[in-house]
Protein chains: 2
Amino acid sequence: MMKIRIIGSGLIGTSIGLKARLNGFSIEMVDVDERNARLAQDLMGSPGSEAPSIVIFSLPTSQLSLVINREFALYPNSIFMDVGSVKTKSQLTIDAIPSLAPQFCGSHPMAGRESGGPEAARGDLFEGRPWILCPSDETAEETYRGIRDFVLGLGADPIRMSAHDHDRTVASISHLPQLVSSLLARQLQRMSPERLALAGQGLRDTTRIAHSDPHLWREIISMNREEILPLLHLVQADLAELIGKFDDPSKIEDFIRSGNDGASLIPGKHGGRSRDYSYLPIVIEDKPGQLAALFDECAKVEVNVEDLTIEHSPGQFTGLISLALSAEDGEKLSRHLSAIGWKVHSLR
Amino acid sequence: MMKIRIIGSGLIGTSIGLKARLNGFSIEMVDVDERNARLAQDLMGSPGSEAPSIVIFSLPTSQLSLVINREFALYPNSIFMDVGSVKTKSQLTIDAIPSLAPQFCGSHPMAGRESGGPEAARGDLFEGRPWILCPSDETAEETYRGIRDFVLGLGADPIRMSAHDHDRTVASISHLPQLVSSLLARQLQRMSPERLALAGQGLRDTTRIAHSDPHLWREIISMNREEILPLLHLVQADLAELIGKFDDPSKIEDFIRSGNDGASLIPGKHGGRSRDYSYLPIVIEDKPGQLAALFDECAKVEVNVEDLTIEHSPGQFTGLISLALSAEDGEKLSRHLSAIGWKVHSLR
């Protein structure tokens, strides 16, 4: 049995182990925190005694330099990867050990949960998620392919990118949102708990990531400072402009609209370019069998339902279902359902 | 049957109607947008012909003055409420009609969704949510009690507050988060869609409300400008301080920690009974007829699907559908589908 050795038994390391174990690898979990290491190892069963085919560093990047020499000395024929959040800095550590560089490939799984630790781990954490691979110029093709195939086995979607490109990207999609969410959340310290009890889902969503671990984020933000700072300056300039024109309603509308435009660029789901669907609203009775009858009609006229939402409340007499369809299918289904008496509303 | 007349068939107006209908009221939906009015009325059934006991203005505050005289002339014995987001400004409109003032009580339900329109309405939108009531000095006690009891019937938690106090509170918990979310989202316009496809849940949550309607928010923000502007100045000062100390990791840690502190002041959920659904993941083939077949099975064993999501990628042969069901129905359906060969995963 091939073995994987994972240094770091937190959420990511343990999740990797869980899935790799399912894939038939034997797993060795290592952690300076003995409790975590034991718990994680318990989840994996006993590891074999052979040398690992892959050693994975799933620990803060600042600790990589503390263990990498030991691991390379122990397993000179293994391949190595890390999973840290900033890639240019971890690569510097590797570049300092020229003999190791061909056997190393930096990586960053774009997956996580709010809760950490081996308890929060799950084998399907990476399913369908992007996993960025940042081979350096020194990384051997064989190393890269080994890491890529392993990541594919975890259900992830490997994406090759330079370390620099990675760091610039995560500055925008991860590090800046973290700082902005914290910036908003810290304002709440001035409010009375009684008033904050009135907060709705909007405030909760916007400040959810403000709950993140300050120690972990201190390292991430500091390591990627050069990429983040220019973005903060852009935010600062935009904020100054908003404040400067705050008595002009049309400027406020423009500002909110530019937020719409930015937010709508985020694809619905990974890999998915948001497709242009038509939405057909249909009022149905809220009882078992209604959906089945509706989908029977969809099947009869051979339209493919791409997505749907159901809006109804417990105990309500009617519900509204919106079907996402291609424009063509939408027209076809609308005509068909109207003809046989369903309460169909205009396609939008 | 007592009647409620609702001017405005958007998300809030239609949601009020849905729940009031369940409570035994007859509902008359009015809207300048005929399509919305028809859809909303379809959900309510036919209204009675009697005068309404309550007339509810669920429209932009700027339009209140266009309809209030007409409504008061038509129904001089009704009581009146609005549901606008800024209360001092709507009260000014009412104060200009002294004979109306005793029959009017301003209000603001602290509930909403990022999608609008009657399609997004749901009768349980206000369940367990705060609903702020701002009677003026002129509001008759009888009017206040009538509105309060109606709001209680919608499942909301009425909270009495002055219009000024309301406007100051929502500036912090609603209007500032909206502007900050838009501020972050507009930065994304500089990114390539390919890179944005790597975004995780954090960015999506932080920018969710950036999808809000620019026209609606232009009015809300402008009307509450005086309360919001000082908050923007505080954000500006905090941001400048962060940027000024950005090369000091311990200051970054302090900053993230202050965000923790602020975010943790938000209580779990306001009085909210979150509905406990079980989620049953089922892998289906992505082709016409599969959903029909699935819902046929749901109907056969008489389970009621409360909600569902479909996850699938273009060009993929399979999709994952998650059905939201009561725990009991979830168990029943899971057993049934597994027995006849569907790819059912563990209920969550």
# chains A, B, ... in the order shown; residues from 1 in each chain; ligands from 1
call {"tool": "interface_residues", "arguments": {"of": "chain A", "to": "chain B", "cutoff": "6 Å", "atoms": "only C-alpha atoms", "output": "number ranges by chain"}}
result
A: 173, 182, 185-186, 188-189, 196-197, 199, 205-206, 210-211, 214, 218, 222, 249, 252-253, 256-260, 262-263, 266-267, 270, 288-289, 292, 295-296, 299, 304, 307, 310, 312-313
call {"tool": "calpha_fit_rmsd", "arguments": {"fixed": "chain A", "moving": "chain B"}}
result
7.7 Å
call {"tool": "residues_around", "arguments": {"residues": "Ala140 (chain B)", "least_positions_apart": "3", "cutoff": "12 Å", "atoms": "only C-alpha atoms", "output": "list in words"}}
result
Ile79, Phe80, Ser99, Leu100, Ala101, Pro102, Gln103, Phe104, Cys105, Pro135, Ser136, Asp137, Thr143, Tyr144, Arg145, Gly146 and Ile147 of chain B
call {"tool": "select_by_dssp", "arguments": {"residues": "region 50-247 of chain A", "states": "alpha helix (DSSP H)", "output": "number ranges by chain"}}
result
A: 64-74, 87-95, 141-153, 163-170, 176-187, 193-196, 201-206, 214-223, 225-244
call {"tool": "closest_residue", "arguments": {"among": "B:Phe150, B:Tyr279, B:Trp342, B:Tyr75", "to": "Ser322 (chain B)", "atoms": "only C-alpha atoms"}}
result
B:Tyr279
call {"tool": "select_by_dssp", "arguments": {"residues": "region 111-142 of chain A", "states": "strand (DSSP E)", "output": "list in words"}}
result
Pro130, Trp131, Ile132, Leu133 and Cys134 of chain A
call {"tool": "write_last_selection", "arguments": {"atoms": "N, CA and C atoms", "output": "mmCIF file, in the first residue's frame"}}
result
data_model
loop_
_atom_site.group_PDB
_atom_site.id
_atom_site.type_symbol
_atom_site.label_atom_id
_atom_site.label_comp_id
_atom_site.auth_asym_id
_atom_site.auth_seq_id
_atom_site.Cartn_x
_atom_site.Cartn_y
_atom_site.Cartn_z
ATOM 1 N N PRO A 130 -11.586 24.079 -6.573
ATOM 2 C CA PRO A 130 -10.302 24.307 -7.242
ATOM 3 C C PRO A 130 -9.151 24.013 -6.270
ATOM 4 N N TRP A 131 -8.079 23.490 -6.806
ATOM 5 C CA TRP A 131 -6.866 23.259 -6.006
ATOM 6 C C TRP A 131 -5.714 23.811 -6.843
ATOM 7 N N ILE A 132 -5.182 24.918 -6.402
ATOM 8 C CA ILE A 132 -4.175 25.592 -7.212
ATOM 9 C C ILE A 132 -2.811 24.928 -7.016
ATOM 10 N N LEU A 133 -2.148 24.612 -8.118
ATOM 11 C CA LEU A 133 -0.812 24.018 -8.083
ATOM 12 C C LEU A 133 0.174 25.040 -8.630
ATOM 13 N N CYS A 134 1.239 25.267 -7.878
ATOM 14 C CA CYS A 134 2.239 26.256 -8.279
ATOM 15 C C CYS A 134 3.620 25.613 -8.366
#
call {"tool": "atom_distance", "arguments": {"atom1": "CA of Leu59 (chain A)", "atom2": "CA of Ala40 (chain A)"}}
result
14.4 Å
call {"tool": "residues_around", "arguments": {"residues": "Lys87 (chain A)", "least_positions_apart": "6", "cutoff": "8 Å", "atoms": "only C-alpha atoms", "output": "list in words"}}
result
Gly106, Ser107, His108, Cys134, Ala163, His164, His166 and Asp167 of chain A
call {"tool": "write_last_selection", "arguments": {"atoms": "C-alpha atoms", "output": "short mmCIF file (atom, residue, chain, number, x, y, z; two decimals), in the first residue's frame"}}
result
data_model
loop_
_atom_site.label_atom_id
_atom_site.label_comp_id
_atom_site.auth_asym_id
_atom_site.auth_seq_id
_atom_site.Cartn_x
_atom_site.Cartn_y
_atom_site.Cartn_z
CA GLY A 106 3.53 24.20 -3.82
CA SER A 107 -0.26 24.08 -3.75
CA HIS A 108 -3.33 25.69 -2.22
CA CYS A 134 2.24 26.26 -8.28
CA ALA A 163 3.06 31.49 -7.29
CA HIS A 164 2.93 35.18 -8.06
CA HIS A 166 -1.79 32.86 -7.14
CA ASP A 167 -0.86 35.43 -4.51
#
call {"tool": "residues_around", "arguments": {"residues": "Gly24 (chain A)", "least_positions_apart": "6", "cutoff": "10 Å", "atoms": "only C-alpha atoms", "output": "JSON, numbers by chain"}}
result
{"A": [1, 2, 3]}
call {"tool": "write_last_selection", "arguments": {"atoms": "C-alpha atoms", "output": "PDB file, in the first residue's frame"}}
result
ATOM      1  CA  MET A   1       0.000   0.000   0.000  1.00  0.00           C
ATOM      2  CA  MET A   2       1.319   3.455  -0.851  1.00  0.00           C
ATOM      3  CA  LYS A   3       1.701   5.811   2.069  1.00  0.00           C
TER       4      LYS A   3
END
call {"tool": "atom_distance", "arguments": {"atom1": "CA of Glu138 (chain B)", "atom2": "CA of Asp95 (chain B)"}}
result
8.6 Å
call {"tool": "atom_distance", "arguments": {"atom1": "CA of Val83 (chain A)", "atom2": "CA of Lys245 (chain B)"}}
result
28.1 Å
